Amino acid sequence: MVKHYLKIAWRNLIRNKIYSAINVLGLGVGLSASIIIFLIVQYDYSFDKWEPHASEIYRLNAHRVEGDLFGVPVPAADAIKNTITGVTEVCRYKSFQGPDFQVKPLHGNSEPSRVFNNESGIVFTDEEYFRMFPHEWLRGQLTFAFARPNQVVLSLSVAKKYFPGLSIDEIMGKNIQYGDSTITTVTGIVADLREHTDIDKTAFISYSTFTSSKRWNYMVHDWNANYYGFNCFLRINKTANVAGIERQIRKLYAAHVRVKDPNFQFTAALQPLNQIHFGIPQNGELVFGRADKSVLRELIGLAVILLLLAVINFINLSTSHSTIRAKEIGVRKSLGGVKRQIVFQFLIETFVVALFASTLALLISPLVIRMFISFLPEGFGAGLLFQLSIIVFLFVVTTLVTVLAGLYPGFVLANFRPALVLKGQTANTERPGRGRLREILTIFQFVVAQVFLIIVIIVGKQVHYELNADVGARKDGIVYFNVPFISFDDKRQAVLIDELRKIPQIQNLTSYGSAEPYAEGNSRATFEFHGKKKTFTNLIAIKDGDSNYIKVFNISLLAGRTAHVDTTGNLREVLANASLTKEMGFEHPSDALGSVVNLYGLPKGYAVVRIMKDFNMQSLHLPVEPLVYMASNSIGGRIALLLDSNNISSWQVALNRTRKIFKQKYPERDFEYTFFDKATEDIYRSDIRLSTLLKWATGLAIFISCLGLLGLATFMAASRVKEIGIRKVLGATVSQILVLLSKNLLKLMLLAYVIGFSVAWYFAHKWLDDFAFKTTLSWWIFALSGVSMMIVGMLVLVLRTFRAATANPVDSLRAE
């Protein structure tokens with residue numbers, strides 16, 4: 001019987017090629033989008049599930065009033081291991097890298113050693129790391145690999161990179177220099193991890209190297225500093241109470257931590273291993289993660305909407321096509337066909353269409369991935385399509401589509417009355433309200449498409465505003481680069497700056513230790529001011545650099561004089577922005593000149609000698625913060641060059657000369673530079689990705705919605721074919737017929753526009769509320785989207801109804 005149903009389904013698909021192609025294409029596009037989104041969500045939720053006892057592993061963070069921070073005091077790990085009950089394993093590691101970090105494999109012969117700059121994944125640790133995060137050992141033994149200082153274990157890929165052409169047996173015993181002085185011996189090689197993990201370390205130096213070094217000796221017993229690069233993981237007994245263990249650790253912190261400044265006081269917080277991929281808790285949200293749970297939830301919602309649109313489109317096309325199948329159903333019912341058999345037949349046909357759509361979705365998914373490759377998670381690729389979970393996902397979705405999209409058309413056709421159908425009165429065979437449901441579904445499709453279109457215009461407008469807004473500091477024509485810090489006695493940077501000043505293509509330059517004026521993050525300091533009207537104590541943003549910083553970045557000044565750099569004076573001099581003077585209680589910014597403030601909790605004061613006009617220091621999501629700029633004659637870790645914006649062709653000449661001078665001073669370092677305006681774009685990478693994603697989603701929604709409109713237009717034209725014939729015989733023109741067929745559909749589109757306008761206005765306002773500085777919701781956005789959707793809808797209607805309006809009336813009236 002099933003074979004018979006499949007044969008009929010196949011014959012119907014072949015007989016109605018255009019209808020079948022539209023159905024398969026609509027479902028295929030919806031399924032493809034769902035597959036990609038499913039893979040993204042599955043990928044991000046698959047991290048760190050492979051570790052034995054993964055559900056029992058927690059990372060120790062530092063907890064402050066404003067939110068948790070990465071890292072812990074170095075002595076905390078040993079203290080927890082020795083004193084806290086319920087903790088079965090403690091793993092600690094200290095990161096060993098930085099912007100000027102170098103790795104130099106020592107080959108031990110006349111061959112020059114290659115230098116690797118800015119290497120990552122290098123940590124000080126011990127055997128406890130490999131007990132909590134097991135690796136396959138290819139050479140060496142866990143019990144001996146970390147027995148002494150200056151031993152290192154490498155992952156296979158890193159070992160091959162450092163010593164190309166050597167076997168792993170030959171690599172064992174080789175020496176590697178990390179940084180400027182730490183020389184290690186390779187005592188083990190482990191296989192690279194294949195699993196998805198955020199604990200992706202590749203070089204493991206014995207922990208005793210860290211504890212025995214004078215360079216880091218100050219950290220080993222320091223409870224009062226939360227070291228960002230020091231990590232501690234705990235495995236907690238499954239029978240133990242996690243909250244109780246956290247209380248024990250907080251008591252331990254209370255007994256040892258002696259931080260007096262309330263802004264920097266911290267205690268302990270435990271975070272489950274399966275949350276690490278999504279960031280660290282701050283103000284009720286997870287931030288600084290490699291994935292965002294709220295974005296994943298939005299993606300799931302988007303997948304559901306696109307798939308729902310595809311299913312609605314299928315239902316509309318199926319029911320509109322029912323007029324063609326009506327006589328077939330009438331004959332089958334007259335010959336004894338029962339409702340159950342007819343419904344089952346249409347379920348089988350729907351399943352076949354969904355199966356073809358699933359195959360199409362798999363075929364086009366790699367193309368979709370290629371389009372979105374810059375917006376997909378790191379490590380994500382088309383290879384993820386070939387896994388059992390995708391087959392299971394497609395089977396579940398295909399089954400749901402079959403039930404949702406097949407039952408309704410099946411019941412509609414099964415309820416046709418044979419006597420009326422065989423007389424050609426198809427339009428009267430449906431129960432009242434069925435046509436209304438099709439209209440509601442079509443309205444829903446166009447509401448979704450309209451909302452997407454309005455939102456994508458608003459998001460694009462906001463992104464354009466972000467990238468082109470006047471933030472109060474120069475962005476164009478500035479390029480910056482890092483300068484290696486060797487020691488305070490190293491004079492090379494000062495010589496470098498002097499030689500760069502001689503390059504005619506460089507208009508000006510500045511050396512600074514903190515970030516650019518407009519950056520993704522800011523350094524902070526405790527600020528204290530005790531005035532007559534107000535006492536202000538808080539954490540504020542702080543920047544420092546030489547006297548050219550203000551000139552290079554073209555920061556506007558309101559009042560005061562240039563700060564003098566005198567580190568031996570009783571009072572050092574600083575600049576404050578207008579927002580800070582307001583927080584200090586001054587009505588006019590210039591009134592703050594001469595005020596003495598304290599920074600970093602130190603008793604030595606700083607005199608405010610100049611006021612800066614407010615400028616945006618971070619994303620436009622955030623308001624302008626109180627800021628202090630400290631002028632300094634010390635050399636910073638970064639140099640910014642001001643190039644001639646009116647002569648862009650000279651930029652490459654300036655950069656080439658800068659590279660030559662840099663390599664003369666630091667021959668083993670890479671010269672890597674960044675254009676400031678490009679760096680500001682990176683601040684909004686999430687907004688730019690959202691804009692791109694919405695553009696594609698809008699295109700898909702409009703495409704699927706138009707297919708649904710095509711289905712409804714087909715149904716209306718087919719149900720009124722005899723009426724059209726009579727009107728044409730009585731003299732109706734083609735344009736009159738077009739108006740007749742399109743009038744009701746245009747009403748539906750106008751209703752969809754009104755609903756979509758309201759929904760989009762609400763969500764647009766809600767999204768823009770996250771910005772301190774934002775674009776306006778202009779009236780033309782809603783007008784443009786409405787007109788655009790109307791034009792697209794009219795094209796679909798005209799193309800479909802024109803055929804019915806120009807048909808020969810003899811063909812439709814022949815049976816009368």
# chains A, B, ... in the order shown; residues from 1 in each chain; ligands from 1
>>> residues_around(residues="stretch 70-86 of chain A", least_positions_apart="2", cutoff="6 Å", atoms="only C-alpha atoms", output="list of chain:residue names")
A:Asn61, A:Ala62, A:Val220, A:His221, A:Trp223, A:Ala225, A:Asn226, A:Tyr227, A:Tyr228, A:Phe230, A:Asn231, A:Ile236, A:Asn237, A:Ala240
>>> residues_around(residues="A:Ile503", least_positions_apart="5", cutoff="10 Å", atoms="only C-alpha atoms", output="count of residues only")
7
>>> select_by_dssp(residues="stretch 172-388 of chain A", states="strand (DSSP E or B)", output="JSON, numbers by chain")
{"A": [175, 176, 177, 178, 182, 183, 184, 185, 186, 187, 188, 189, 190, 203, 204, 205, 206, 227, 230, 231, 232, 233, 234, 235, 236, 267, 268, 269, 270, 271, 272, 280, 281, 282, 285, 286, 287]}
>>> residues_around(residues="A:Lys665", least_positions_apart="2", cutoff="10 Å", atoms="only C-alpha atoms", output="MDAnalysis selection string")
chainID A and resid 492:493 495:496 659:663 667:669
>>> closest_atom_pairs(of="stretch 48-92 of chain A", to="stretch 258-276 of chain A", cutoff="6 Å", atoms="only C-alpha atoms", output="tab-separated table")
residue	atom	partner	partner_atom	distance
A:Ile57	CA	A:Leu273	CA	5.7
A:Tyr58	CA	A:Pro272	CA	4.4
A:Arg59	CA	A:Gln271	CA	5.2
A:Leu60	CA	A:Leu270	CA	4.9
A:Asn61	CA	A:Ala269	CA	5.1
A:Ala62	CA	A:Ala268	CA	5.0
A:His63	CA	A:Thr267	CA	5.1
A:Arg64	CA	A:Phe266	CA	4.8
>>> write_last_selection(atoms="N, CA, C and O atoms", output="mmCIF file, in the first residue's frame")
data_model
loop_
_atom_site.group_PDB
_atom_site.id
_atom_site.type_symbol
_atom_site.label_atom_id
_atom_site.label_comp_id
_atom_site.auth_asym_id
_atom_site.auth_seq_id
_atom_site.Cartn_x
_atom_site.Cartn_y
_atom_site.Cartn_z
ATOM 1 N N ILE A 57 33.500 19.866 37.323
ATOM 2 C CA ILE A 57 34.636 20.792 37.233
ATOM 3 C C ILE A 57 34.130 22.234 37.223
ATOM 4 O O ILE A 57 33.179 22.567 36.517
ATOM 5 N N TYR A 58 34.805 23.076 38.016
ATOM 6 C CA TYR A 58 34.439 24.492 38.133
ATOM 7 C C TYR A 58 35.699 25.344 38.001
ATOM 8 O O TYR A 58 36.777 24.936 38.455
ATOM 9 N N ARG A 59 35.547 26.514 37.404
ATOM 10 C CA ARG A 59 36.657 27.471 37.371
ATOM 11 C C ARG A 59 36.486 28.462 38.509
ATOM 12 O O ARG A 59 35.373 28.916 38.793
ATOM 13 N N LEU A 60 37.593 28.804 39.148
ATOM 14 C CA LEU A 60 37.570 29.779 40.225
ATOM 15 C C LEU A 60 37.801 31.170 39.635
ATOM 16 O O LEU A 60 38.807 31.414 38.968
ATOM 17 N N ASN A 61 36.847 32.064 39.849
ATOM 18 C CA ASN A 61 36.956 33.452 39.391
ATOM 19 C C ASN A 61 37.062 34.383 40.591
ATOM 20 O O ASN A 61 36.841 33.968 41.728
ATOM 21 N N ALA A 62 37.368 35.636 40.317
ATOM 22 C CA ALA A 62 37.349 36.667 41.362
ATOM 23 C C ALA A 62 36.014 37.409 41.278
ATOM 24 O O ALA A 62 35.601 37.832 40.197
ATOM 25 N N HIS A 63 35.349 37.552 42.391
ATOM 26 C CA HIS A 63 34.035 38.211 42.416
ATOM 27 C C HIS A 63 34.163 39.592 43.054
ATOM 28 O O HIS A 63 34.699 39.747 44.148
ATOM 29 N N ARG A 64 33.654 40.619 42.309
ATOM 30 C CA ARG A 64 33.579 41.976 42.832
ATOM 31 C C ARG A 64 32.144 42.459 42.719
ATOM 32 O O ARG A 64 31.307 41.821 42.080
#
>>> residues_around(residues="stretch 175-184 of chain A", least_positions_apart="5", cutoff="8 Å", atoms="only C-alpha atoms", output="ChimeraX atom specification")
/A:97,101-107,150-152,205
>>> write_last_selection(atoms="all heavy atoms", output="mmCIF file, in the first residue's frame")
data_model
loop_
_atom_site.group_PDB
_atom_site.id
_atom_site.type_symbol
_atom_site.label_atom_id
_atom_site.label_comp_id
_atom_site.auth_asym_id
_atom_site.auth_seq_id
_atom_site.Cartn_x
_atom_site.Cartn_y
_atom_site.Cartn_z
ATOM 1 N N GLN A 97 52.737 34.586 28.143
ATOM 2 C CA GLN A 97 52.813 35.220 26.837
ATOM 3 C C GLN A 97 52.404 36.667 26.968
ATOM 4 O O GLN A 97 51.954 37.117 28.000
ATOM 5 C CB GLN A 97 51.926 34.508 25.803
ATOM 6 C CG GLN A 97 50.448 34.556 26.086
ATOM 7 C CD GLN A 97 49.919 33.238 26.605
ATOM 8 O OE1 GLN A 97 50.658 32.260 26.678
ATOM 9 N NE2 GLN A 97 48.671 33.221 26.967
ATOM 10 N N PHE A 101 55.994 38.807 23.321
ATOM 11 C CA PHE A 101 56.522 37.513 23.733
ATOM 12 C C PHE A 101 57.140 36.784 22.538
ATOM 13 O O PHE A 101 56.580 36.778 21.441
ATOM 14 C CB PHE A 101 55.386 36.690 24.329
ATOM 15 C CG PHE A 101 55.821 35.376 24.886
ATOM 16 C CD1 PHE A 101 56.471 35.318 26.095
ATOM 17 C CD2 PHE A 101 55.577 34.206 24.204
ATOM 18 C CE1 PHE A 101 56.866 34.096 26.626
ATOM 19 C CE2 PHE A 101 55.963 32.990 24.722
ATOM 20 C CZ PHE A 101 56.610 32.935 25.939
ATOM 21 N N GLN A 102 58.299 36.162 22.770
ATOM 22 C CA GLN A 102 58.984 35.426 21.719
ATOM 23 C C GLN A 102 59.282 34.002 22.158
ATOM 24 O O GLN A 102 59.490 33.721 23.338
ATOM 25 C CB GLN A 102 60.319 36.100 21.378
ATOM 26 C CG GLN A 102 60.194 37.380 20.580
ATOM 27 C CD GLN A 102 61.561 37.883 20.156
ATOM 28 O OE1 GLN A 102 62.532 37.808 20.911
ATOM 29 N NE2 GLN A 102 61.647 38.402 18.942
ATOM 30 N N VAL A 103 59.278 33.101 21.162
ATOM 31 C CA VAL A 103 59.698 31.721 21.384
ATOM 32 C C VAL A 103 60.816 31.422 20.393
ATOM 33 O O VAL A 103 60.673 31.671 19.185
ATOM 34 C CB VAL A 103 58.536 30.731 21.185
ATOM 35 C CG1 VAL A 103 59.028 29.298 21.365
ATOM 36 C CG2 VAL A 103 57.408 31.035 22.161
ATOM 37 N N LYS A 104 61.928 30.883 20.909
ATOM 38 C CA LYS A 104 63.081 30.613 20.045
ATOM 39 C C LYS A 104 63.545 29.158 20.262
ATOM 40 O O LYS A 104 64.193 28.849 21.263
ATOM 41 C CB LYS A 104 64.225 31.569 20.380
ATOM 42 C CG LYS A 104 65.426 31.430 19.444
ATOM 43 C CD LYS A 104 66.580 32.325 19.886
ATOM 44 C CE LYS A 104 66.220 33.781 19.796
ATOM 45 N NZ LYS A 104 67.382 34.658 20.108
ATOM 46 N N PRO A 105 63.181 28.235 19.333
ATOM 47 C CA PRO A 105 63.702 26.863 19.420
ATOM 48 C C PRO A 105 65.218 26.872 19.210
ATOM 49 O O PRO A 105 65.721 27.526 18.284
ATOM 50 C CB PRO A 105 62.990 26.146 18.267
ATOM 51 C CG PRO A 105 61.817 27.012 17.935
ATOM 52 C CD PRO A 105 62.236 28.410 18.226
ATOM 53 N N LEU A 106 65.952 26.174 20.070
ATOM 54 C CA LEU A 106 67.406 26.138 19.999
ATOM 55 C C LEU A 106 67.827 24.811 19.394
ATOM 56 O O LEU A 106 67.714 23.754 20.024
ATOM 57 C CB LEU A 106 68.005 26.315 21.399
ATOM 58 C CG LEU A 106 67.532 27.575 22.150
ATOM 59 C CD1 LEU A 106 68.107 27.602 23.559
ATOM 60 C CD2 LEU A 106 67.908 28.830 21.385
ATOM 61 N N HIS A 107 68.318 24.861 18.142
ATOM 62 C CA HIS A 107 68.629 23.623 17.428
ATOM 63 C C HIS A 107 69.962 23.026 17.854
ATOM 64 O O HIS A 107 70.245 21.869 17.588
ATOM 65 C CB HIS A 107 68.638 23.884 15.918
ATOM 66 C CG HIS A 107 67.276 24.235 15.383
ATOM 67 N ND1 HIS A 107 66.357 23.289 15.014
ATOM 68 C CD2 HIS A 107 66.673 25.443 15.203
ATOM 69 C CE1 HIS A 107 65.244 23.888 14.590
ATOM 70 N NE2 HIS A 107 65.412 25.199 14.697
ATOM 71 N N ASN A 150 62.212 24.114 34.403
ATOM 72 C CA ASN A 150 62.693 24.273 33.025
ATOM 73 C C ASN A 150 62.466 23.029 32.156
ATOM 74 O O ASN A 150 63.280 22.706 31.283
ATOM 75 C CB ASN A 150 64.166 24.685 32.997
ATOM 76 C CG ASN A 150 64.387 26.002 33.708
ATOM 77 O OD1 ASN A 150 64.743 26.014 34.893
ATOM 78 N ND2 ASN A 150 64.159 27.104 33.032
ATOM 79 N N GLN A 151 61.364 22.342 32.402
ATOM 80 C CA GLN A 151 60.935 21.258 31.524
ATOM 81 C C GLN A 151 59.654 21.702 30.799
ATOM 82 O O GLN A 151 58.864 22.473 31.346
ATOM 83 C CB GLN A 151 60.660 19.983 32.325
ATOM 84 C CG GLN A 151 61.914 19.396 32.979
ATOM 85 C CD GLN A 151 61.599 18.145 33.786
ATOM 86 O OE1 GLN A 151 60.597 18.079 34.487
ATOM 87 N NE2 GLN A 151 62.466 17.151 33.691
ATOM 88 N N VAL A 152 59.480 21.215 29.574
ATOM 89 C CA VAL A 152 58.305 21.609 28.805
ATOM 90 C C VAL A 152 57.741 20.406 28.052
ATOM 91 O O VAL A 152 58.489 19.564 27.558
ATOM 92 C CB VAL A 152 58.639 22.761 27.824
ATOM 93 C CG1 VAL A 152 59.623 22.317 26.760
ATOM 94 C CG2 VAL A 152 57.378 23.300 27.180
ATOM 95 N N ILE A 205 54.927 24.308 30.471
ATOM 96 C CA ILE A 205 56.201 24.422 31.168
ATOM 97 C C ILE A 205 55.982 24.033 32.630
ATOM 98 O O ILE A 205 54.961 24.385 33.235
ATOM 99 C CB ILE A 205 56.736 25.862 31.077
ATOM 100 C CG1 ILE A 205 56.857 26.291 29.610
ATOM 101 C CG2 ILE A 205 58.085 25.997 31.777
ATOM 102 C CD1 ILE A 205 57.214 27.750 29.423
#
>>> residues_around(residues="stretch 187-204 of chain A", least_positions_apart="3", cutoff="7 Å", atoms="only C-alpha atoms", output="short mmCIF file (atom, residue, chain, number, x, y, z; two decimals) with all heavy atoms, in the first residue's frame")
data_model
loop_
_atom_site.label_atom_id
_atom_site.label_comp_id
_atom_site.auth_asym_id
_atom_site.auth_seq_id
_atom_site.Cartn_x
_atom_site.Cartn_y
_atom_site.Cartn_z
N SER A 46 28.78 22.55 22.35
CA SER A 46 29.55 21.30 22.41
C SER A 46 30.88 21.46 23.13
O SER A 46 31.60 20.48 23.31
CB SER A 46 29.80 20.78 20.99
OG SER A 46 30.68 21.65 20.28
N PHE A 47 31.22 22.68 23.55
CA PHE A 47 32.53 22.91 24.15
C PHE A 47 32.63 22.31 25.55
O PHE A 47 31.71 22.40 26.36
CB PHE A 47 32.82 24.41 24.21
CG PHE A 47 33.40 24.96 22.94
CD1 PHE A 47 32.63 25.04 21.80
CD2 PHE A 47 34.72 25.36 22.89
CE1 PHE A 47 33.16 25.53 20.62
CE2 PHE A 47 35.28 25.84 21.71
CZ PHE A 47 34.50 25.92 20.57
N ASP A 48 33.79 21.67 25.76
CA ASP A 48 34.16 21.12 27.08
C ASP A 48 33.10 20.17 27.63
O ASP A 48 32.71 20.25 28.79
CB ASP A 48 34.44 22.26 28.07
CG ASP A 48 35.71 23.02 27.70
OD1 ASP A 48 36.76 22.38 27.59
OD2 ASP A 48 35.64 24.24 27.51
N TRP A 50 33.83 16.87 26.76
CA TRP A 50 34.62 15.66 26.61
C TRP A 50 35.38 15.26 27.87
O TRP A 50 35.76 14.10 28.03
CB TRP A 50 35.62 15.83 25.46
CG TRP A 50 36.57 16.97 25.68
CD1 TRP A 50 36.36 18.28 25.37
CD2 TRP A 50 37.86 16.90 26.27
NE1 TRP A 50 37.43 19.04 25.74
CE2 TRP A 50 38.38 18.23 26.28
CE3 TRP A 50 38.64 15.87 26.79
CZ2 TRP A 50 39.64 18.52 26.79
CZ3 TRP A 50 39.89 16.16 27.29
CH2 TRP A 50 40.38 17.48 27.29
N GLY A 121 48.89 30.08 24.05
CA GLY A 121 48.66 28.72 24.54
C GLY A 121 49.79 28.16 25.37
O GLY A 121 49.87 26.94 25.57
N ILE A 122 50.68 29.02 25.89
CA ILE A 122 51.84 28.58 26.68
C ILE A 122 51.55 28.83 28.15
O ILE A 122 51.21 29.96 28.54
CB ILE A 122 53.11 29.33 26.25
CG1 ILE A 122 53.35 29.14 24.74
CG2 ILE A 122 54.32 28.87 27.05
CD1 ILE A 122 54.32 30.12 24.15
N VAL A 123 51.68 27.80 28.98
CA VAL A 123 51.33 27.94 30.40
C VAL A 123 52.35 27.22 31.27
O VAL A 123 53.03 26.28 30.85
CB VAL A 123 49.93 27.35 30.68
CG1 VAL A 123 48.85 28.16 29.98
CG2 VAL A 123 49.83 25.88 30.29
N PHE A 124 52.46 27.70 32.51
CA PHE A 124 53.15 26.98 33.57
C PHE A 124 52.11 26.10 34.26
O PHE A 124 51.08 26.60 34.73
CB PHE A 124 53.75 27.94 34.59
CG PHE A 124 54.82 28.84 34.05
CD1 PHE A 124 54.54 30.17 33.76
CD2 PHE A 124 56.11 28.37 33.84
CE1 PHE A 124 55.52 31.01 33.27
CE2 PHE A 124 57.10 29.22 33.36
CZ PHE A 124 56.80 30.54 33.06
N THR A 125 52.38 24.83 34.37
CA THR A 125 51.42 23.94 35.03
C THR A 125 52.15 22.68 35.49
O THR A 125 53.38 22.58 35.39
CB THR A 125 50.22 23.62 34.11
OG1 THR A 125 49.21 22.96 34.86
CG2 THR A 125 50.63 22.78 32.93
N HIS A 135 45.21 14.22 27.97
CA HIS A 135 45.72 14.22 26.60
C HIS A 135 46.36 12.85 26.34
O HIS A 135 46.79 12.17 27.27
CB HIS A 135 46.79 15.30 26.40
CG HIS A 135 46.27 16.70 26.42
ND1 HIS A 135 45.54 17.22 27.47
CD2 HIS A 135 46.39 17.70 25.50
CE1 HIS A 135 45.23 18.49 27.21
NE2 HIS A 135 45.74 18.80 26.03
N GLU A 136 46.46 12.48 25.08
CA GLU A 136 47.17 11.26 24.71
C GLU A 136 48.67 11.54 24.68
O GLU A 136 49.12 12.43 23.95
CB GLU A 136 46.70 10.77 23.34
CG GLU A 136 47.42 9.51 22.88
CD GLU A 136 47.10 9.13 21.44
OE1 GLU A 136 46.25 9.82 20.83
OE2 GLU A 136 47.72 8.19 20.93
N TRP A 137 49.43 10.78 25.47
CA TRP A 137 50.88 10.99 25.54
C TRP A 137 51.56 10.19 24.43
O TRP A 137 51.46 8.96 24.39
CB TRP A 137 51.42 10.58 26.91
CG TRP A 137 51.12 11.63 27.95
CD1 TRP A 137 49.92 11.88 28.53
CD2 TRP A 137 52.04 12.59 28.46
NE1 TRP A 137 50.02 12.94 29.40
CE2 TRP A 137 51.31 13.41 29.38
CE3 TRP A 137 53.39 12.86 28.27
CZ2 TRP A 137 51.90 14.45 30.07
CZ3 TRP A 137 53.97 13.90 28.97
CH2 TRP A 137 53.24 14.69 29.85
N LEU A 138 52.26 10.90 23.53
CA LEU A 138 52.98 10.24 22.44
C LEU A 138 54.41 9.90 22.85
O LEU A 138 54.95 8.88 22.44
CB LEU A 138 53.00 11.15 21.20
CG LEU A 138 51.62 11.59 20.69
CD1 LEU A 138 51.78 12.54 19.50
CD2 LEU A 138 50.78 10.38 20.29
N ARG A 139 55.02 10.78 23.65
CA ARG A 139 56.35 10.53 24.19
C ARG A 139 56.41 11.15 25.58
O ARG A 139 55.77 12.16 25.86
CB ARG A 139 57.45 11.16 23.32
CG ARG A 139 57.62 10.53 21.95
CD ARG A 139 58.13 9.08 22.05
NE ARG A 139 58.38 8.53 20.73
CZ ARG A 139 57.45 7.94 19.97
NH1 ARG A 139 56.20 7.86 20.41
NH2 ARG A 139 57.77 7.43 18.81
N GLY A 140 57.24 10.54 26.44
CA GLY A 140 57.38 11.04 27.80
C GLY A 140 56.35 10.42 28.73
O GLY A 140 55.41 9.72 28.30
N GLN A 141 56.52 10.67 30.02
CA GLN A 141 55.62 10.14 31.05
C GLN A 141 55.18 11.28 31.96
O GLN A 141 55.98 12.15 32.33
CB GLN A 141 56.32 9.05 31.85
CG GLN A 141 56.69 7.82 31.04
CD GLN A 141 57.35 6.74 31.88
OE1 GLN A 141 57.47 6.89 33.11
NE2 GLN A 141 57.79 5.67 31.24
N ALA A 145 57.61 14.22 33.50
CA ALA A 145 57.69 15.35 32.56
C ALA A 145 57.76 16.69 33.26
O ALA A 145 58.26 17.67 32.70
CB ALA A 145 56.50 15.31 31.61
N GLN A 151 61.36 22.34 32.40
CA GLN A 151 60.94 21.26 31.52
C GLN A 151 59.65 21.70 30.80
O GLN A 151 58.86 22.47 31.35
CB GLN A 151 60.66 19.98 32.32
CG GLN A 151 61.91 19.40 32.98
CD GLN A 151 61.60 18.14 33.79
OE1 GLN A 151 60.60 18.08 34.49
NE2 GLN A 151 62.47 17.15 33.69
N VAL A 152 59.48 21.21 29.57
CA VAL A 152 58.30 21.61 28.81
C VAL A 152 57.74 20.41 28.05
O VAL A 152 58.49 19.56 27.56
CB VAL A 152 58.64 22.76 27.82
CG1 VAL A 152 59.62 22.32 26.76
CG2 VAL A 152 57.38 23.30 27.18
N VAL A 153 56.42 20.34 28.00
CA VAL A 153 55.69 19.34 27.21
C VAL A 153 54.99 20.09 26.09
O VAL A 153 54.35 21.12 26.31
CB VAL A 153 54.67 18.58 28.07
CG1 VAL A 153 53.81 17.65 27.21
CG2 VAL A 153 55.38 17.79 29.17
N LEU A 154 55.11 19.58 24.85
CA LEU A 154 54.54 20.25 23.67
C LEU A 154 53.42 19.42 23.07
O LEU A 154 53.45 18.18 23.14
CB LEU A 154 55.61 20.47 22.60
CG LEU A 154 56.85 21.27 22.98
CD1 LEU A 154 57.83 21.30 21.80
CD2 LEU A 154 56.49 22.68 23.41
N SER A 155 52.44 20.09 22.48
CA SER A 155 51.48 19.39 21.64
C SER A 155 52.18 19.02 20.34
O SER A 155 53.17 19.65 19.94
CB SER A 155 50.26 20.25 21.37
OG SER A 155 50.59 21.37 20.58
N LEU A 156 51.66 18.02 19.63
CA LEU A 156 52.34 17.52 18.44
C LEU A 156 52.48 18.61 17.37
O LEU A 156 53.54 18.75 16.76
CB LEU A 156 51.56 16.33 17.87
CG LEU A 156 52.15 15.68 16.61
CD1 LEU A 156 53.54 15.15 16.88
CD2 LEU A 156 51.23 14.55 16.12
N SER A 157 51.42 19.38 17.13
CA SER A 157 51.48 20.40 16.08
C SER A 157 52.53 21.47 16.39
O SER A 157 53.24 21.92 15.49
CB SER A 157 50.10 21.05 15.89
OG SER A 157 49.67 21.67 17.09
N VAL A 158 52.62 21.88 17.64
CA VAL A 158 53.61 22.89 18.03
C VAL A 158 55.02 22.31 17.93
O VAL A 158 55.96 22.99 17.48
CB VAL A 158 53.32 23.41 19.45
CG1 VAL A 158 54.47 24.24 19.97
CG2 VAL A 158 52.05 24.23 19.45
N MET A 172 62.44 15.17 21.32
CA MET A 172 62.63 14.98 22.76
C MET A 172 64.06 15.38 23.16
O MET A 172 65.03 15.00 22.52
CB MET A 172 62.37 13.52 23.13
CG MET A 172 60.93 13.09 22.99
SD MET A 172 59.87 13.81 24.26
CE MET A 172 60.44 12.92 25.71
N GLY A 173 64.16 16.19 24.21
CA GLY A 173 65.46 16.63 24.70
C GLY A 173 65.94 17.93 24.08
O GLY A 173 66.97 18.48 24.51
N HIS A 277 32.58 28.84 28.03
CA HIS A 277 32.57 29.23 26.62
C HIS A 277 31.75 30.50 26.39
O HIS A 277 31.99 31.23 25.43
CB HIS A 277 32.00 28.08 25.79
CG HIS A 277 32.02 28.31 24.31
ND1 HIS A 277 33.19 28.42 23.59
CD2 HIS A 277 31.01 28.48 23.41
CE1 HIS A 277 32.91 28.64 22.31
NE2 HIS A 277 31.60 28.68 22.17
#
>>> closest_residue(among="A:Val392, A:Ile37, A:Leu309, A:Ile688", to="A:Leu441", atoms="only C-alpha atoms")
A:Leu309
>>> atom_distance(atom1="atom CA of A:Ala576", atom2="atom CA of A:Gly477")
25.8 Å
>>> closest_residue(among="A:Phe351, A:Phe144, A:Thr510, A:Phe773", to="A:Glu466", atoms="only C-alpha atoms")
A:Phe773
>>> closest_residue(among="A:Tyr480, A:Gly284, A:Tyr162, A:Phe452", to="A:Leu693", atoms="only C-alpha atoms")
A:Phe452
>>> atom_distance(atom1="atom CA of A:Gln736", atom2="atom CA of A:Gly793")
18.3 Å
>>> residues_around(residues="stretch 619-627 of chain A", least_positions_apart="2", cutoff="10 Å", atoms="only C-alpha atoms", output="JSON, numbers by chain")
{"A": [465, 466, 467, 469, 471, 518, 519, 520, 521, 522, 524, 525, 527, 538, 539, 540, 541, 542, 543, 575, 576, 577, 578, 579, 580, 581, 582, 583, 584, 612, 614, 615, 616, 617, 629, 630, 680, 681, 683, 684, 768, 769, 770, 771, 772, 773, 774]}
